[in-house]
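Listing of model22.pdb; format and content: PDB, C-alpha atoms.
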ATOM      1  CA  MET A  11       0.000   0.000   0.000
ATOM      2  CA  LYS A  12       2.844   2.398   0.783
ATOM      3  CA  TRP A  13       3.927   2.585  -2.847
ATOM      4  CA  LEU A  14       0.378   3.154  -4.112
ATOM      5  CA  VAL A  15      -0.089   6.066  -1.742
ATOM      6  CA  LEU A  16       3.315   7.631  -2.370
ATOM      7  CA  THR A  17       2.765   7.494  -6.106
ATOM      8  CA  ALA A  18      -0.645   9.137  -5.790
ATOM      9  CA  LEU A  19       0.406  11.978  -3.486
ATOM     10  CA  VAL A  20       0.858  15.357  -5.124
ATOM     11  CA  ALA A  21       0.239  18.184  -2.662
ATOM     12  CA  CYS A  22       0.210  19.671   0.948
ATOM     13  CA  SER A  23      -2.400  22.250   5.213
ATOM     14  CA  LYS A  24      -2.100  25.134   7.451
ATOM     15  CA  GLY A  25      -0.502  26.012  10.720
ATOM     16  CA  HIS A  26       1.393  28.914  12.202
ATOM     17  CA  HIS A  27       4.696  28.502  14.040
ATOM     18  CA  GLY A  28       7.627  30.660  15.069
ATOM     19  CA  LYS A  29      10.837  29.832  13.253
ATOM     20  CA  ASP A  30      12.499  28.138  16.244
ATOM     21  CA  GLU A  31       9.352  26.218  17.104
ATOM     22  CA  CYS A  32       8.925  25.247  13.466
ATOM     23  CA  ARG A  33      12.468  23.928  13.175
ATOM     24  CA  ALA A  34      12.143  21.916  16.397
ATOM     25  CA  GLU A  35       8.833  20.376  15.351
ATOM     26  CA  ALA A  36      10.044  19.736  11.817
ATOM     27  CA  ASP A  37      13.143  17.949  13.100
ATOM     28  CA  ALA A  38      11.092  15.821  15.483
ATOM     29  CA  VAL A  39       8.551  14.841  12.834
ATOM     30  CA  GLY A  40      11.262  14.206  10.255
ATOM     31  CA  ALA A  41      13.238  11.968  12.622
ATOM     32  CA  LEU A  42      10.148   9.904  13.465
ATOM     33  CA  LEU A  43       9.237   9.426   9.814
ATOM     34  CA  VAL A  44      12.792   8.517   8.798
ATOM     35  CA  GLU A  45      12.739   5.789  11.461
ATOM     36  CA  ALA A  46       9.367   4.586  10.148
ATOM     37  CA  ALA A  47      10.667   4.506   6.572
ATOM     38  CA  LYS A  48      13.619   2.289   7.482
ATOM     39  CA  GLU A  49      11.328  -0.731   7.490
ATOM     40  CA  VAL A  50      10.655  -1.453   3.825
ATOM     41  CA  PRO A  51       7.264  -3.151   3.386
ATOM     42  CA  SER A  52       7.137  -6.716   2.167
ATOM     43  CA  PHE A  53       5.009  -7.877  -0.743
ATOM     44  CA  TYR A  54       3.054  -9.756   1.940
ATOM     45  CA  GLU A  55       1.166  -7.890   4.650
ATOM     46  CA  PRO A  56      -0.253 -10.273   7.266
ATOM     47  CA  PRO A  57      -4.034  -9.866   7.571
ATOM     48  CA  ALA A  58      -5.313  -8.816  10.984
ATOM     49  CA  ASP A  59      -6.684 -12.302  11.674
ATOM     50  CA  VAL A  60      -3.402 -14.093  10.886
ATOM     51  CA  LYS A  61      -1.056 -14.624  13.820
ATOM     52  CA  LEU A  62       2.611 -15.380  13.174
ATOM     53  CA  VAL A  63       5.533 -16.544  15.268
ATOM     54  CA  VAL A  64       7.478 -13.498  16.431
ATOM     55  CA  ARG A  65      11.242 -13.554  15.879
ATOM     56  CA  SER A  66      13.847 -10.846  16.493
ATOM     57  CA  ASP A  67      16.877 -12.752  15.199
ATOM     58  CA  LEU A  68      16.161 -12.564  11.464
ATOM     59  CA  LEU A  69      17.428  -9.999   8.972
ATOM     60  CA  ARG A  70      15.440  -7.963   6.464
ATOM     61  CA  ARG A  71      15.266  -9.499   3.009
ATOM     62  CA  ARG A  72      15.211  -7.090   0.084
ATOM     63  CA  ASP A  73      16.009  -9.730  -2.516
ATOM     64  CA  LEU A  74      12.788 -11.756  -2.419
ATOM     65  CA  LYS A  75      10.383 -11.624  -5.313
ATOM     66  CA  PRO A  76       6.610 -11.869  -4.772
ATOM     67  CA  GLY A  77       5.152 -15.329  -4.681
ATOM     68  CA  PRO A  78       2.088 -17.246  -3.522
ATOM     69  CA  VAL A  79       1.462 -17.333   0.232
ATOM     70  CA  ILE A  80      -0.240 -20.207   2.011
ATOM     71  CA  THR A  81      -1.653 -19.513   5.471
ATOM     72  CA  ILE A  82      -1.773 -22.551   7.728
ATOM     73  CA  THR A  83      -3.719 -22.739  10.981
ATOM     74  CA  PRO A  84      -4.810 -25.811  12.969
ATOM     75  CA  SER A  85      -8.185 -25.729  11.203
ATOM     76  CA  GLU A  86      -7.719 -23.790   7.983
ATOM     77  CA  LEU A  87      -5.620 -23.536   4.841
ATOM     78  CA  ARG A  88      -5.748 -20.293   2.913
ATOM     79  CA  VAL A  89      -4.257 -19.148  -0.359
ATOM     80  CA  ALA A  90      -3.551 -15.417  -0.083
ATOM     81  CA  GLU A  91      -4.620 -13.086  -2.867
ATOM     82  CA  LEU A  92      -1.647 -11.966  -4.931
ATOM     83  CA  TRP A  93      -0.983 -10.326  -8.274
ATOM     84  CA  LEU A  94       1.803 -11.887 -10.332
ATOM     85  CA  GLY A  95       2.366  -9.625 -13.292
ATOM     86  CA  HIS A  96      -1.090  -9.178 -14.829
ATOM     87  CA  LYS A  97      -2.516 -12.368 -13.374
ATOM     88  CA  GLN A  98      -4.256 -12.631 -10.062
ATOM     89  CA  LEU A  99      -4.145 -15.468  -7.553
ATOM     90  CA  ARG A 100      -7.470 -15.064  -5.817
ATOM     91  CA  ALA A 101      -7.767 -15.593  -2.097
ATOM     92  CA  ARG A 102      -9.523 -18.780  -1.138
ATOM     93  CA  THR A 103     -10.057 -20.850   1.985
ATOM     94  CA  LEU A 104      -9.483 -24.597   1.813
ATOM     95  CA  ARG A 105     -10.667 -27.369   4.063
ATOM     96  CA  THR A 106      -8.339 -30.253   3.304
ATOM     97  CA  LEU A 107      -4.798 -30.982   2.164
ATOM     98  CA  ASP A 108      -6.228 -32.533  -0.990
ATOM     99  CA  GLU A 109      -7.880 -29.204  -1.814
ATOM    100  CA  LEU A 110      -4.554 -27.523  -1.112
ATOM    101  CA  GLY A 111      -2.860 -29.785  -3.628
ATOM    102  CA  VAL A 112      -5.407 -28.880  -6.305
ATOM    103  CA  ALA A 113      -5.074 -25.158  -5.538
ATOM    104  CA  LEU A 114      -1.282 -25.339  -5.636
ATOM    105  CA  ARG A 115      -1.297 -26.967  -9.062
ATOM    106  CA  GLU A 116      -3.513 -24.132 -10.284
ATOM    107  CA  VAL A 117      -1.118 -21.592  -8.803
ATOM    108  CA  ARG A 118       1.824 -23.396 -10.359
ATOM    109  CA  ALA A 119       0.216 -23.048 -13.776
ATOM    110  CA  ILE A 120       0.324 -19.273 -13.351
ATOM    111  CA  ALA A 121       3.665 -18.740 -11.622
ATOM    112  CA  PRO A 122       6.130 -20.045 -14.261
ATOM    113  CA  ALA A 123       4.920 -17.556 -16.848
ATOM    114  CA  GLU A 124       5.530 -14.560 -14.600
ATOM    115  CA  SER A 125       9.007 -13.070 -14.771
ATOM    116  CA  ALA A 126       8.389 -11.161 -11.524
ATOM    117  CA  SER A 127       8.265 -14.349  -9.489
ATOM    118  CA  ASP A 128      10.440 -17.359  -8.812
ATOM    119  CA  PRO A 129       8.350 -20.283 -10.110
ATOM    120  CA  ALA A 130       9.727 -22.623  -7.447
ATOM    121  CA  ARG A 131       9.147 -20.260  -4.516
ATOM    122  CA  ILE A 132       6.189 -20.451  -2.169
ATOM    123  CA  PHE A 133       5.717 -18.839   1.224
ATOM    124  CA  PHE A 134       4.061 -20.223   4.336
ATOM    125  CA  ALA A 135       2.473 -17.981   6.974
ATOM    126  CA  ILE A 136       1.858 -20.357   9.861
ATOM    127  CA  GLU A 137      -0.216 -19.801  12.996
ATOM    128  CA  PRO A 138       1.952 -20.568  16.077
ATOM    129  CA  THR A 139      -0.271 -23.349  17.476
ATOM    130  CA  THR A 140      -0.371 -25.288  14.197
ATOM    131  CA  PRO A 141       0.882 -28.875  14.734
ATOM    132  CA  TRP A 142       4.126 -29.856  13.057
ATOM    133  CA  GLU A 143       2.548 -32.721  11.096
ATOM    134  CA  ARG A 144       0.227 -30.237   9.369
ATOM    135  CA  VAL A 145       3.175 -28.033   8.433
ATOM    136  CA  VAL A 146       5.093 -31.011   7.041
ATOM    137  CA  ALA A 147       2.094 -32.208   5.033
ATOM    138  CA  SER A 148       1.539 -28.730   3.554
ATOM    139  CA  VAL A 149       5.192 -28.330   2.553
ATOM    140  CA  ASP A 150       5.096 -31.799   1.003
ATOM    141  CA  ALA A 151       1.951 -30.886  -0.961
ATOM    142  CA  ALA A 152       3.688 -27.776  -2.259
ATOM    143  CA  ARG A 153       6.749 -29.756  -3.303
ATOM    144  CA  ALA A 154       4.552 -32.269  -5.137
ATOM    145  CA  ALA A 155       3.029 -29.349  -7.063
ATOM    146  CA  GLY A 156       6.475 -28.118  -8.088
ATOM    147  CA  PHE A 157       7.158 -25.565  -5.360
ATOM    148  CA  THR A 158      10.539 -26.805  -4.173
ATOM    149  CA  ALA A 159      11.776 -23.573  -2.553
ATOM    150  CA  PRO A 160       9.650 -22.855   0.517
ATOM    151  CA  GLY A 161       9.910 -19.674   2.551
ATOM    152  CA  PHE A 162       8.586 -19.315   6.085
ATOM    153  CA  VAL A 163       7.137 -16.004   7.238
ATOM    154  CA  PHE A 164       7.765 -14.634  10.721
ATOM    155  CA  GLU A 165       6.866 -11.361  12.376
ATOM    156  CA  GLN A 166       9.485  -8.916  13.578
ATOM    157  CA  PRO A 167       8.464  -6.935  16.675
ATOM    158  CA  SER A 168       8.218  -3.240  15.903
ATOM    159  CA  ALA A 169      10.242  -1.009  18.210
ATOM    160  CA  LEU A 170       8.637   2.198  16.988
ATOM    161  CA  THR A 171       5.980   3.841  19.168
ATOM    162  CA  PRO A 172       3.120   5.444  17.196
ATOM    163  CA  PRO A 173       2.747   9.202  17.715
ATOM    164  CA  PRO A 174      -0.078  10.638  19.863
ATOM    165  CA  ARG A 175      -3.451  10.564  18.164
ATOM    166  CA  SER A 176      -4.574  13.676  16.336
ATOM    167  CA  GLY A 177      -7.900  14.956  15.086
ATOM    168  CA  ILE A 178      -7.473  13.115  11.807
ATOM    169  CA  ASP A 179      -6.871   9.650  13.258
ATOM    170  CA  ALA A 180     -10.561   8.722  13.290
ATOM    171  CA  LYS A 181     -10.664   9.248   9.519
ATOM    172  CA  LEU A 182      -7.470   7.247   9.155
ATOM    173  CA  ASP A 183      -8.914   4.403  11.225
ATOM    174  CA  ALA A 184     -11.913   4.251   8.907
ATOM    175  CA  LEU A 185      -9.692   4.218   5.822
ATOM    176  CA  MET A 186      -7.717   1.241   7.094
ATOM    177  CA  SER A 187     -10.796  -0.969   6.680
ATOM    178  CA  GLU A 188     -11.034  -0.194   2.958
ATOM    179  CA  GLU A 189      -9.699  -2.447   0.209
ATOM    180  CA  PRO A 190      -5.985  -1.708  -0.466
ATOM    181  CA  ALA A 191      -6.461   0.093  -3.799
ATOM    182  CA  THR A 192      -9.391   2.181  -2.528
ATOM    183  CA  ARG A 193      -7.557   2.866   0.711
ATOM    184  CA  ALA A 194      -4.500   4.147  -1.129
ATOM    185  CA  ALA A 195      -6.484   6.538  -3.308
ATOM    186  CA  LYS A 196      -8.512   7.944  -0.403
ATOM    187  CA  LEU A 197      -5.429   8.258   1.785
ATOM    188  CA  ALA A 198      -3.685  10.188  -0.967
ATOM    189  CA  GLU A 199      -6.669  12.554  -1.207
ATOM    190  CA  LEU A 200      -6.717  13.038   2.557
ATOM    191  CA  THR A 201      -3.011  13.794   2.541
ATOM    192  CA  GLU A 202      -3.514  16.467  -0.101
ATOM    193  CA  GLU A 203      -6.010  18.142   2.220
ATOM    194  CA  VAL A 204      -3.582  18.016   5.133
ATOM    195  CA  VAL A 205      -0.526  19.217   3.255
ATOM    196  CA  GLY A 206      -2.156  22.383   1.929
ATOM    197  CA  PRO A 207      -0.209  25.420   0.687
ATOM    198  CA  CYS A 208       3.295  24.334   1.718
ATOM    199  CA  ASP A 209       4.991  24.800  -1.663
ATOM    200  CA  SER A 210       8.260  23.143  -0.705
ATOM    201  CA  LEU A 211       6.517  20.057   0.608
ATOM    202  CA  ALA A 212       4.200  20.033  -2.415
ATOM    203  CA  ARG A 213       7.217  19.939  -4.724
ATOM    204  CA  SER A 214       8.674  17.066  -2.738
ATOM    205  CA  PHE A 215       5.482  15.031  -3.092
ATOM    206  CA  ARG A 216       5.105  15.827  -6.773
ATOM    207  CA  ALA A 217       8.622  14.538  -7.369
ATOM    208  CA  LEU A 218       7.396  11.088  -6.354
ATOM    209  CA  ALA A 219       5.491  10.829  -9.626
ATOM    210  CA  ARG A 220       8.689  11.106 -11.642
ATOM    211  CA  PRO A 221      10.768   8.020 -12.467
ATOM    212  CA  VAL A 222      13.612   7.306 -10.054
ATOM    213  CA  GLU A 223      16.670   5.112 -10.274
ATOM    214  CA  GLU A 224      16.149   1.433  -9.626
ATOM    215  CA  GLY A 225      16.563   0.642  -5.953
ATOM    216  CA  VAL A 226      15.684   4.148  -4.747
ATOM    217  CA  ASP A 227      13.367   3.976  -1.724
ATOM    218  CA  LYS A 228      10.673   6.587  -2.341
ATOM    219  CA  GLY A 229       9.440   6.280   1.222
ATOM    220  CA  MET A 230      12.842   7.181   2.630
ATOM    221  CA  VAL A 231      13.252  10.011   0.112
ATOM    222  CA  ILE A 232      10.025  11.693   1.197
ATOM    223  CA  ALA A 233      10.719  11.038   4.891
ATOM    224  CA  MET A 234      14.088  12.775   4.626
ATOM    225  CA  ASP A 235      12.492  15.689   2.768
ATOM    226  CA  ILE A 236       9.848  16.337   5.435
ATOM    227  CA  ALA A 237      11.949  18.374   7.898
ATOM    228  CA  PRO A 238      13.692  20.697   5.404
ATOM    229  CA  SER A 239      10.472  21.168   3.430
ATOM    230  CA  LEU A 240       8.541  22.127   6.561
ATOM    231  CA  VAL A 241      11.222  24.622   7.564
ATOM    232  CA  ALA A 242      11.205  26.094   4.065
ATOM    233  CA  CYS A 243       7.466  26.832   4.275
ATOM    234  CA  ASP A 244       7.558  27.928   7.955
ATOM    235  CA  CYS A 245       5.533  24.865   8.964
ATOM    236  CA  HIS A 246       2.333  26.066   7.300
ATOM    237  CA  VAL A 247       0.681  22.725   7.921
ATOM    238  CA  ASN A 248      -1.144  21.093  10.792
ATOM    239  CA  ILE A 249       1.875  19.252  12.219
ATOM    240  CA  PRO A 250      -0.024  16.612  14.262
ATOM    241  CA  GLU A 251      -2.213  15.735  11.279
ATOM    242  CA  LEU A 252       0.727  15.622   8.869
ATOM    243  CA  ARG A 253       2.648  13.406  11.279
ATOM    244  CA  ALA A 254      -0.357  11.107  11.720
ATOM    245  CA  VAL A 255      -0.989  10.722   7.990
ATOM    246  CA  MET A 256       2.637  10.208   7.015
ATOM    247  CA  PHE A 257       3.211   7.757   9.862
ATOM    248  CA  ARG A 258       0.308   5.640   8.620
ATOM    249  CA  ILE A 259       1.780   5.700   5.126
ATOM    250  CA  LEU A 260       5.397   4.951   6.051
ATOM    251  CA  HIS A 261       5.112   2.786   9.142
ATOM    252  CA  VAL A 262       4.994  -0.980   8.620
ATOM    253  CA  GLU A 263       2.778  -2.067  11.481
ATOM    254  CA  ARG A 264       3.699  -5.748  11.258
ATOM    255  CA  PRO A 265       7.169  -6.155   9.756
ATOM    256  CA  VAL A 266       7.842  -9.628   8.407
ATOM    257  CA  ARG A 267      11.032 -11.644   8.182
ATOM    258  CA  ILE A 268      11.351 -14.680   5.946
ATOM    259  CA  VAL A 269      13.534 -17.780   6.152
ATOM    260  CA  THR A 270      13.932 -19.417   2.750
ATOM    261  CA  PHE A 271      15.214 -22.811   1.611
ATOM    262  CA  ASP A 272      17.357 -23.245  -1.490
ATOM    263  CA  PRO A 273      16.695 -26.616  -3.164
ATOM    264  CA  ALA A 274      20.178 -26.510  -4.729
ATOM    265  CA  LYS A 275      21.775 -26.733  -1.278
ATOM    266  CA  THR A 276      22.297 -29.858   0.799
ATOM    267  CA  ALA A 277      19.219 -30.433   2.943
ATOM    268  CA  GLU A 278      19.427 -30.897   6.676
ATOM    269  CA  ARG A 279      16.783 -33.036   8.346
ATOM    270  CA  ILE A 280      14.442 -31.324  10.781
ATOM    271  CA  SER A 281      12.139 -33.716  12.596
ATOM    272  CA  PHE A 282       9.720 -33.363  15.502
ATOM    273  CA  PRO A 283       6.844 -35.339  16.987
ATOM    274  CA  PRO A 284       3.618 -34.722  15.029
ATOM    275  CA  THR A 285       1.916 -32.654  17.727
ATOM    276  CA  THR A 286       4.807 -30.252  18.275
ATOM    277  CA  THR A 287       3.585 -26.706  17.733
ATOM    278  CA  TRP A 288       5.008 -24.524  14.996
ATOM    279  CA  ALA A 289       5.963 -21.996  17.694
ATOM    280  CA  ASP A 290       8.363 -24.558  19.159
ATOM    281  CA  ALA A 291       9.498 -26.300  15.981
ATOM    282  CA  SER A 292      10.196 -23.103  14.061
ATOM    283  CA  LYS A 293      13.017 -22.233  16.455
ATOM    284  CA  ARG A 294      15.119 -24.735  14.500
ATOM    285  CA  LEU A 295      14.834 -22.597  11.342
ATOM    286  CA  ALA A 296      17.956 -20.607  12.064
ATOM    287  CA  PRO A 297      19.200 -18.026   9.528
ATOM    288  CA  VAL A 298      22.202 -20.245   8.746
ATOM    289  CA  ILE A 299      20.047 -23.148   7.505
ATOM    290  CA  GLU A 300      20.108 -23.057   3.698
ATOM    291  CA  ASN A 301      17.832 -26.021   3.055
ATOM    292  CA  ALA A 302      16.042 -28.685   5.053
ATOM    293  CA  THR A 303      13.731 -31.651   4.774
ATOM    294  CA  LEU A 304      10.869 -31.471   7.252
ATOM    295  CA  THR A 305       9.707 -34.780   8.685
ATOM    296  CA  THR A 306       7.835 -36.194  11.679
ATOM    297  CA  ASP A 307       9.379 -38.525  14.257
TER     298      ASP A 307
END
As structure tokens, please, write out the structure in this file.
Amino acid sequence: MKWLVLTALVACSKGHHGKDECRAEADAVGALLVEAAKEVPSFYEPPADVKLVVRSDLLRRRDLKPGPVITITPSELRVAELWLGHKQLRARTLRTLDELGVALREVRAIAPAESASDPARIFFAIEPTTPWERVVASVDAARAAGFTAPGFVFEQPSALTPPPRSGIDAKLDALMSEEPATRAAKLAELTEEVVGPCDSLARSFRALARPVEEGVDKGMVIAMDIAPSLVACDCHVNIPELRAVMFRILHVERPVRIVTFDPAKTAERISFPPTTTWADASKRLAPVIENATLTTD
């Protein structure tokens, strides 16, 4: 969503500050937003009803291409909605592993034709109480369908404290329940209202619409521009509302970390009793493990 909103933003609201007060507030807001922008969003945003194992020992991955995501809980299997190129993998809920196998073969028929994805890669978002035997069976079903490079999604705890609520947060809360594309467009419109007649900040936002070099993080660019742009226009915006809107855009509420297996590497064997929970078993998926075969004792 971040990229949709940043691309759509073009303008900037009103406030009145002394120069010293403006500089202090601009620096504080800028520093907060730069910290928020450091977490680059993943192609996969965990839905609110999906719980993940929390890990703090895994590194960010900027090299992973989008791919299908399978959510596994003790009672449900779910294929996440995902766009691969111009083709869409529609979200669906499955009841059995047999249905998962059928769905995975359908997904496999799409994935190889999409240059944006690794045709062998599939990701698993697994609820912590899921039994190990269910994880093993799901990974085996994926391998049988041709997905030989599994990735396992974890949640990184966020160390960033959200700013105090402002008068605009109620509107922002309502927007968060919208579909991603609709949410992005409405959030961009709301940001235009907040940003108002701050010419320097308006120019900074408009620059987002222009092509940038590959690898340039637009979120970080705009975050770093906030403080100097505010100072340049004497903070003629509502600072709390600007901070609230931009924090929602830049902050990744649930950062994810992903451990991937490489089928070209020698596979270790990871085995647990069938009823072992994923929360316990997943501790064995250390960052140094390049590939593994998952089995039950």
Given the PyMOL selection byres ((chain A and resi 252) around 9), the residues it picks as a PDB file with C-alpha atoms, in the coordinates of the input:
ATOM      1  CA  CYS A  22       0.210  19.671   0.948  1.00  0.00           C
ATOM      2  CA  SER A  23      -2.400  22.250   5.213  1.00  0.00           C
ATOM      3  CA  VAL A  39       8.551  14.841  12.834  1.00  0.00           C
ATOM      4  CA  THR A 201      -3.011  13.794   2.541  1.00  0.00           C
ATOM      5  CA  VAL A 204      -3.582  18.016   5.133  1.00  0.00           C
ATOM      6  CA  VAL A 205      -0.526  19.217   3.255  1.00  0.00           C
ATOM      7  CA  VAL A 247       0.681  22.725   7.921  1.00  0.00           C
ATOM      8  CA  ASN A 248      -1.144  21.093  10.792  1.00  0.00           C
ATOM      9  CA  ILE A 249       1.875  19.252  12.219  1.00  0.00           C
ATOM     10  CA  PRO A 250      -0.024  16.612  14.262  1.00  0.00           C
ATOM     11  CA  GLU A 251      -2.213  15.735  11.279  1.00  0.00           C
ATOM     12  CA  ARG A 253       2.648  13.406  11.279  1.00  0.00           C
ATOM     13  CA  ALA A 254      -0.357  11.107  11.720  1.00  0.00           C
ATOM     14  CA  VAL A 255      -0.989  10.722   7.990  1.00  0.00           C
ATOM     15  CA  MET A 256       2.637  10.208   7.015  1.00  0.00           C
ATOM     16  CA  PHE A 257       3.211   7.757   9.862  1.00  0.00           C
TER      17      PHE A 257
END
Each side padded by 6 Å, which centre and which edge lengths in Å (one decimal) define the axis-aligned box around the listed atoms of region 197-204 of chain A? Give them as lines of an AutoDock Vina configuration file.
center_x = -4.9
center_y = 13.2
center_z = 2.0
size_x = 15.7
size_y = 21.9
size_z = 18.3
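Nearest residue to His261 (chain A), choosing from A:Ala47, A:Ala152, A:Ala277, A:Leu62 and counting only C-alpha atoms: A:Ala47.
Distance annotation: of A:Leu295, A:Met186, A:Leu304, A:Asp179, the residue with the minimal separation from Asp150 (chain A) is A:Leu304; atom set is only C-alpha atoms.
Rounded to one decimal, CA of Val163 (chain A) and CA of Ile136 (chain A) lie 7.3 Å from each other.
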